[in-house]
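Novice: Sending over my_file_26.csv (CSV, C-alpha atoms and all ligand atoms).
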```
chain,number,residue,atom,x,y,z
A,1,MET,CA,17.0,30.7,-1.9
A,2,SER,CA,19.7,28.1,-1.5
A,3,TYR,CA,23.1,28.0,0.2
A,4,CYS,CA,24.1,24.9,-1.7
A,5,CYS,CA,27.4,25.0,-3.4
A,6,SER,CA,29.3,22.4,-5.5
A,7,THR,CA,31.7,21.4,-2.7
A,8,SER,CA,29.6,21.1,0.3
A,9,CYS,CA,26.1,19.8,-0.7
A,10,ASP,CA,25.9,17.1,1.8
A,11,THR,CA,27.5,18.9,4.8
A,12,ASP,CA,25.4,20.7,7.3
A,13,ILE,CA,26.6,24.2,6.7
A,14,ASN,CA,24.6,25.7,9.5
A,15,PRO,CA,25.0,23.6,12.7
A,16,LYS,CA,23.2,24.9,15.7
A,17,ARG,CA,26.3,24.7,17.9
A,18,HIS,CA,29.9,25.7,17.3
A,19,ARG,CA,33.0,25.9,19.5
A,20,CYS,CA,34.3,29.3,20.5
A,21,PRO,CA,37.7,29.6,18.9
A,22,VAL,CA,39.1,31.1,22.1
A,23,ASN,CA,37.8,29.0,25.0
A,24,GLY,CA,36.9,25.9,23.0
A,25,GLN,CA,33.4,25.5,24.5
A,26,GLU,CA,30.3,24.8,22.4
A,27,TYR,CA,27.7,27.5,22.2
A,28,LYS,CA,24.3,28.1,20.6
A,29,GLU,CA,23.5,30.0,17.5
A,30,VAL,CA,22.4,33.6,17.6
A,31,SER,CA,20.8,35.4,14.7
A,32,ALA,CA,22.6,38.0,12.7
A,33,LYS,CA,19.8,40.4,13.7
A,34,THR,CA,20.9,40.0,17.3
A,35,VAL,CA,24.5,40.8,16.4
A,36,LEU,CA,23.4,43.9,14.5
A,37,HIS,CA,21.5,45.2,17.6
A,38,HIS,CA,24.6,45.1,19.9
A,39,ILE,CA,27.6,45.7,17.8
A,40,LYS,CA,29.2,49.2,17.5
A,41,GLU,CA,28.8,50.8,14.1
A,42,PRO,CA,26.6,48.0,12.7
A,43,TRP,CA,26.8,49.8,9.3
A,44,ALA,CA,30.5,48.9,9.2
A,45,TRP,CA,30.0,45.2,10.0
A,46,GLU,CA,30.0,42.8,7.2
A,47,ASP,CA,27.4,40.0,7.7
A,48,LYS,CA,29.0,37.0,6.0
A,49,HIS,CA,25.7,35.2,5.8
A,50,GLN,CA,26.9,32.4,8.0
A,51,ALA,CA,25.8,31.1,11.4
A,52,TYR,CA,26.8,33.2,14.4
A,53,TYR,CA,27.2,32.1,18.0
A,54,PHE,CA,27.1,33.6,21.4
A,55,CYS,CA,29.9,32.9,24.0
A,56,ASP,CA,28.7,33.6,27.6
A,57,ASP,CA,31.9,32.7,29.4
A,58,PRO,CA,32.8,35.6,31.7
A,59,ASP,CA,36.5,34.7,31.3
A,60,CYS,CA,36.4,34.9,27.5
A,61,ASP,CA,36.6,38.1,25.6
A,62,VAL,CA,34.7,36.8,22.6
A,63,VAL,CA,31.0,37.6,22.5
A,64,TYR,CA,30.0,36.5,19.0
A,65,PHE,CA,31.9,34.2,16.7
A,66,GLY,CA,31.1,33.0,13.2
A,67,GLN,CA,31.2,29.6,11.7
A,68,ASP,CA,34.4,30.7,10.0
A,69,ASN,CA,35.9,31.3,13.5
A,70,SER,CA,36.0,35.1,13.1
A,71,THR,CA,35.3,36.8,16.4
A,72,ILE,CA,33.5,39.8,17.8
A,73,LYS,CA,34.9,40.8,21.2
A,74,THR,CA,33.4,42.7,24.1
A,75,ILE,CA,35.1,45.9,23.1
A,76,ALA,CA,33.4,45.9,19.7
A,77,LEU,CA,30.0,46.0,21.3
A,78,ARG,CA,27.8,48.9,22.4
A,79,THR,CA,26.0,46.8,24.9
A,80,THR,CA,27.5,45.6,28.1
A,81,VAL,CA,27.0,41.9,28.3
A,82,GLY,CA,25.8,41.4,31.9
A,83,ILE,CA,26.3,37.7,32.0
A,84,LYS,CA,30.0,38.2,31.3
A,85,GLU,CA,30.4,40.6,34.2
A,86,LYS,CA,31.0,39.3,37.7
A,87,ASN,CA,29.1,42.1,39.3
A,88,GLN,CA,25.7,42.4,41.1
A,89,ASN,CA,24.7,45.5,39.1
A,90,SER,CA,25.1,43.8,35.7
A,91,THR,CA,22.0,43.6,33.6
A,92,LEU,CA,20.1,40.3,33.6
A,93,CYS,CA,17.0,41.2,31.7
A,94,TYR,CA,17.4,43.7,29.0
A,95,CYS,CA,13.7,43.9,28.1
A,96,PHE,CA,12.7,45.2,31.5
A,97,GLY,CA,16.0,46.5,32.9
A,98,VAL,CA,16.5,44.0,35.7
A,99,SER,CA,19.9,43.7,37.5
A,100,LEU,CA,21.3,40.6,39.0
A,101,ALA,CA,21.0,42.1,42.5
A,102,SER,CA,17.4,43.1,42.1
A,103,ALA,CA,16.4,39.7,40.7
A,104,LYS,CA,17.9,38.2,43.8
A,105,ASP,CA,16.3,40.6,46.2
A,106,ASN,CA,12.8,40.6,44.8
A,107,SER,CA,11.2,37.3,43.7
A,108,LYS,CA,8.2,39.2,42.2
A,109,ILE,CA,10.5,40.3,39.4
A,110,MET,CA,11.0,36.8,38.0
A,111,HIS,CA,7.2,36.3,38.1
A,112,PHE,CA,6.7,39.5,36.3
A,113,VAL,CA,9.2,38.6,33.6
A,114,THR,CA,7.8,35.1,33.3
A,115,GLU,CA,4.3,36.5,32.8
A,116,LYS,CA,5.4,39.0,30.2
A,117,THR,CA,7.5,36.4,28.4
A,118,LYS,CA,4.4,34.1,28.2
A,119,SER,CA,2.3,36.8,26.8
A,120,GLY,CA,5.0,37.7,24.3
A,121,VAL,CA,5.7,41.2,25.6
A,122,CYS,CA,9.4,40.8,25.6
A,123,ALA,CA,12.2,41.6,23.1
A,124,CYS,CA,14.9,39.2,23.9
A,125,GLU,CA,16.0,38.5,20.4
A,126,THR,CA,17.0,42.1,19.9
A,127,ARG,CA,17.5,43.5,23.4
A,128,ASN,CA,19.4,40.6,25.1
A,129,PRO,CA,22.9,40.2,23.6
A,130,SER,CA,22.5,36.5,23.9
A,131,GLY,CA,19.4,36.7,21.7
A,132,LYS,CA,17.7,34.3,24.2
A,133,CYS,CA,15.2,34.7,26.9
A,134,CYS,CA,16.9,36.0,30.1
A,135,LEU,CA,14.8,33.7,32.4
A,136,GLN,CA,17.4,31.0,32.1
A,137,ASP,CA,20.0,33.4,33.6
A,138,PHE,CA,17.9,34.3,36.7
A,139,PRO,CA,19.3,33.0,39.9
A,140,LYS,CA,17.5,29.9,41.0
A,141,GLN,CA,15.0,30.5,43.8
A,201,ZN,ZN,34.5,32.3,24.2
```
What's the structure tokens form of this structure?
Ligand SMILES: [Zn+2]
Specialist:
Amino acid sequence: MSYCCSTSCDTDINPKRHRCPVNGQEYKEVSAKTVLHHIKEPWAWEDKHQAYYFCDDPDCDVVYFGQDNSTIKTIALRTTVGIKEKNQNSTLCYCFGVSLASAKDNSKIMHFVTEKTKSGVCACETRNPSGKCCLQDFPKQ
């Protein structure tokens, strides 16, 4: 399978980072699989077989954006993106249902999540809208 086309053979068509068309910051790539697990009516979404990225800025309405600068906003998602909410009850870890407040109150939780992540018993790619491990979002202890 090749994505090569006559006009862009020597350009990297899948860079790992891309700027959010709304806030202008660079963000990391997320898989189309992740997008499918969080978007409303995924059957109505057209995957353009390009790279997608996740914007985690709480002040930006965009959650996912494509390499073509098309955007998917908060309102188009069925998942509430905890990291975009400025609220103690927002979800931090989607695999095990940890809120920001409980992560702060109970240091055992981070150890639990770290352990489960190490043994591969987590589902960040599909459950976390960022597609990434939630440990990086835990408050520093
Ligand atoms: Zn953004």
Novice: Which residues of chain A sit at most 12 Å from ligand ZN 201 (chain A), using only C-alpha atoms and all ligand atoms? Give each one's shortest atom pair and distance in Å (one decimal place), in chain and ascending residue order, as a tab-separated table.
Specialist:
```
residue	atom	partner	partner_atom	distance
A:His18	CA	A:ZN201	ZN	10.6
A:Arg19	CA	A:ZN201	ZN	8.1
A:Cys20	CA	A:ZN201	ZN	4.8
A:Pro21	CA	A:ZN201	ZN	6.8
A:Val22	CA	A:ZN201	ZN	5.2
A:Asn23	CA	A:ZN201	ZN	4.7
A:Gly24	CA	A:ZN201	ZN	6.9
A:Gln25	CA	A:ZN201	ZN	6.9
A:Glu26	CA	A:ZN201	ZN	8.8
A:Tyr27	CA	A:ZN201	ZN	8.6
A:Lys28	CA	A:ZN201	ZN	11.6
A:Tyr53	CA	A:ZN201	ZN	9.6
A:Phe54	CA	A:ZN201	ZN	8.0
A:Cys55	CA	A:ZN201	ZN	4.6
A:Asp56	CA	A:ZN201	ZN	6.8
A:Asp57	CA	A:ZN201	ZN	5.8
A:Pro58	CA	A:ZN201	ZN	8.4
A:Asp59	CA	A:ZN201	ZN	7.8
A:Cys60	CA	A:ZN201	ZN	4.6
A:Asp61	CA	A:ZN201	ZN	6.3
A:Val62	CA	A:ZN201	ZN	4.8
A:Val63	CA	A:ZN201	ZN	6.6
A:Tyr64	CA	A:ZN201	ZN	8.1
A:Phe65	CA	A:ZN201	ZN	8.2
A:Gly66	CA	A:ZN201	ZN	11.5
A:Asn69	CA	A:ZN201	ZN	10.8
A:Ser70	CA	A:ZN201	ZN	11.5
A:Thr71	CA	A:ZN201	ZN	9.0
A:Ile72	CA	A:ZN201	ZN	9.9
A:Lys73	CA	A:ZN201	ZN	9.0
A:Thr74	CA	A:ZN201	ZN	10.5
A:Lys84	CA	A:ZN201	ZN	10.3
```
Novice: Tell me, in Å to one decimal, how far CA of Ala44 (chain A) is from CA of Gln67 (chain A).
Specialist: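 These two atoms are separated by 19.5 Å.
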Novice: Show which residues sit within 6 Å of region 87-91 of chain A, as a ChimeraX atom specification. Count all atoms listed in the file, and ignore same-chain residues fewer than 3 positions away.
Specialist: /A:82,98-101
Novice: Take the residues from that selection and put them in a file with C-alpha atoms, as a PDB file, keeping the file's coordinate frame.
Specialist:
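Saved as again_17.pdb:
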```pdb
ATOM      1  CA  GLY A  82      25.800  41.400  31.900  1.00  0.00           C
ATOM      2  CA  VAL A  98      16.500  44.000  35.700  1.00  0.00           C
ATOM      3  CA  SER A  99      19.900  43.700  37.500  1.00  0.00           C
ATOM      4  CA  LEU A 100      21.300  40.600  39.000  1.00  0.00           C
ATOM      5  CA  ALA A 101      21.000  42.100  42.500  1.00  0.00           C
TER       6      ALA A 101
END
```
Novice: Show me, as an NGL selection string, the residues that have an atom within 12 Å of Glu41 (chain A) when counting only C-alpha atoms, minus same-chain residues fewer than 5 positions from it.
Specialist: :A and (35-36 or 46 or 76-79)
Novice: From the list A:Phe112, A:Phe96, A:Trp45, A:Tyr52, which residue is nearest Asn128 (chain A) when using only C-alpha atoms?
Specialist: A:Phe96
Novice: From the list A:Lys86, A:Arg17, A:His111, A:Lys104, which residue is nearest Glu29 (chain A) when using all atoms listed in the file?
Specialist: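 Nearest to Glu29 (chain A): A:Arg17.
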Novice: Which one of A:Ile83, A:Cys93, A:Ile39, A:Ala103 sits closest to Cys124 (chain A) if you count all atoms listed in the file?
Specialist: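 Answer, going by the shortest atom-to-atom distance: A:Cys93.
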Novice: May I have the protein, DNA and RNA residues with an atom at most 12 Å from (12.5, 37.3, 28.2), counting only C-alpha atoms in the file's coordinates, returned as a PyMOL selection string?
Specialist: chain A and resi 92-98+109-138
Novice: Would you mind reading off the distance between CA of His49 (chain A) and CA of Asp68 (chain A), one decimal, in Å?
Specialist: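 Atom-to-atom, CA of His49 (chain A) to CA of Asp68 (chain A), that is 10.7 Å.
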Novice: Can you measure CA of Glu85 (chain A) to CA of Gln50 (chain A) for me? One decimal in Å is fine.
Specialist: 27.7 Å
